[in-house]
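**Student:** Encoded as structure tokens, here's the structure I'll be asking about.
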Amino acid sequence: MESIEIKRIIKIAMKTGRLMLQNGGETYRVEDTVKRMSESRGLKEVSVFVIPTGIIFSADLGIETFTGLERVNPE
């Protein structure tokens, strides 16, 4: 899988999670959705931790691990 495709998958999953949180989604549902979206596109060992103001994402990409944090501001 190409690096550009991986970044795109992660970006879309994180944006979906942010939108869910901003619109009142429960944290466990956001975690599940982001994880399922990422794994359905081939990412392995995905971990997602969500609090009402942020999303922490980690995925094993084979030779490296990607970890990201997205701050979620209520709108």
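In the structure tokens, the first chain shown is A, the next is B, and so on; residue numbers restart at 1 for each chain, and ligands run from 1 in the order shown.
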Any chance you could tabulate, as a Markdown table, the residues of region 22-70 of chain A at most 10 Å from region 10-13 of chain A with each one's nearest atom pair and distance in Å to one decimal, using only C-alpha atoms, in chain and rising number order?

**Tutor:**
| residue | atom | partner | partner_atom | distance |
| --- | --- | --- | --- | --- |
| A:Val30 | CA | A:Ala13 | CA | 9.7 |
| A:Thr33 | CA | A:Ala13 | CA | 7.9 |
| A:Val34 | CA | A:Ala13 | CA | 5.1 |
| A:Lys35 | CA | A:Ala13 | CA | 8.0 |
| A:Arg36 | CA | A:Ala13 | CA | 9.0 |
| A:Met37 | CA | A:Ala13 | CA | 6.1 |
| A:Ser38 | CA | A:Ala13 | CA | 6.6 |
| A:Arg41 | CA | A:Ile10 | CA | 9.8 |
| A:Leu43 | CA | A:Ile10 | CA | 9.2 |
| A:Phe57 | CA | A:Ile10 | CA | 8.6 |
| A:Ser58 | CA | A:Ile10 | CA | 9.6 |
| A:Ala59 | CA | A:Ile10 | CA | 9.2 |
| A:Phe66 | CA | A:Ile10 | CA | 9.5 |
| A:Gly68 | CA | A:Ile10 | CA | 9.2 |

**Student:** Emit the selected residues as a JSON list (two decimals), in the first residue's frame, including N, CA and C atoms.

**Tutor:**
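The file below, part16.json, is the result:
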[["chain", "number", "residue", "atom", "x", "y", "z"],
["A", 30, "VAL", "N", -17.40, 6.60, 18.10],
["A", 30, "VAL", "CA", -16.36, 7.22, 17.28],
["A", 30, "VAL", "C", -15.15, 6.30, 17.20],
["A", 33, "THR", "N", -15.98, 3.36, 14.90],
["A", 33, "THR", "CA", -16.10, 3.77, 13.50],
["A", 33, "THR", "C", -14.74, 4.03, 12.86],
["A", 34, "VAL", "N", -13.90, 4.81, 13.54],
["A", 34, "VAL", "CA", -12.57, 5.13, 13.01],
["A", 34, "VAL", "C", -11.74, 3.86, 12.84],
["A", 35, "LYS", "N", -11.81, 2.97, 13.83],
["A", 35, "LYS", "CA", -11.06, 1.70, 13.76],
["A", 35, "LYS", "C", -11.56, 0.83, 12.60],
["A", 36, "ARG", "N", -12.87, 0.69, 12.48],
["A", 36, "ARG", "CA", -13.44, -0.15, 11.41],
["A", 36, "ARG", "C", -13.13, 0.41, 10.03],
["A", 37, "MET", "N", -13.22, 1.74, 9.88],
["A", 37, "MET", "CA", -12.91, 2.35, 8.59],
["A", 37, "MET", "C", -11.46, 2.08, 8.19],
["A", 38, "SER", "N", -10.56, 2.23, 9.14],
["A", 38, "SER", "CA", -9.13, 2.03, 8.86],
["A", 38, "SER", "C", -8.81, 0.57, 8.55],
["A", 41, "ARG", "N", -9.79, -0.85, 5.12],
["A", 41, "ARG", "CA", -8.94, -0.46, 4.00],
["A", 41, "ARG", "C", -7.55, -1.07, 4.09],
["A", 43, "LEU", "N", -5.36, -1.36, 6.96],
["A", 43, "LEU", "CA", -4.42, -1.00, 8.02],
["A", 43, "LEU", "C", -4.49, -2.05, 9.12],
["A", 57, "PHE", "N", -4.93, 8.36, 17.46],
["A", 57, "PHE", "CA", -4.97, 7.27, 16.48],
["A", 57, "PHE", "C", -3.57, 6.69, 16.32],
["A", 58, "SER", "N", -3.47, 5.37, 16.26],
["A", 58, "SER", "CA", -2.20, 4.71, 16.02],
["A", 58, "SER", "C", -2.42, 3.50, 15.13],
["A", 59, "ALA", "N", -1.52, 3.29, 14.17],
["A", 59, "ALA", "CA", -1.63, 2.13, 13.27],
["A", 59, "ALA", "C", -0.23, 1.64, 12.92],
["A", 66, "PHE", "N", 2.37, 4.76, 12.67],
["A", 66, "PHE", "CA", 1.85, 6.13, 12.58],
["A", 66, "PHE", "C", 1.02, 6.41, 13.81],
["A", 68, "GLY", "N", -1.19, 9.72, 15.58],
["A", 68, "GLY", "CA", -1.66, 11.08, 15.36],
["A", 68, "GLY", "C", -2.67, 11.50, 16.42]]

**Student:** Write out as a list in words all residues of region 16-75 of chain A that backbone DSSP assigns to strand (DSSP E or B).

**Tutor:** Lys44, Glu45, Val46, Ser47, Val48, Phe49, Val50, Ile51, Gly54, Ile55, Ile56, Phe57, Ser58, Ala59, Asp60, Thr65, Phe66, Thr67, Gly68, Leu69, Glu70 and Arg71 of chain A

**Student:** Which is closest to Ile6 (chain A) among A:Pro52, A:Arg29, A:Leu61, A:Ser47, if we use only C-alpha atoms?

**Tutor:**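 Of A:Pro52, A:Arg29, A:Leu61, A:Ser47, the one nearest Ile6 (chain A), counting only C-alpha atoms, is A:Leu61.
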
**Student:** Any idea what the distance is between CA of Val46 (chain A) and CA of Glu75 (chain A)?

**Tutor:**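 Straight-line distance from CA of Val46 (chain A) to CA of Glu75 (chain A) works out to 27.7 Å.
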
**Student:** If you run DSSP on the backbone here, which positions in chain A get alpha helix (DSSP H)? Please write them as a ChimeraX atom specification.

**Tutor:** /A:3-22,27-40

**Student:** Figure out the distance between CA of Ser40 (chain A) and CA of Gly25 (chain A), please, to one decimal in Å.

**Tutor:**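 CA of Gly25 (chain A) sits 20.9 Å away from CA of Ser40 (chain A).
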
**Student:** So the first atom is CA of Pro74 (chain A) and the second is CA of Ile4 (chain A); what is the distance between them in Å, to one decimal place?

**Tutor:** 29.2 Å
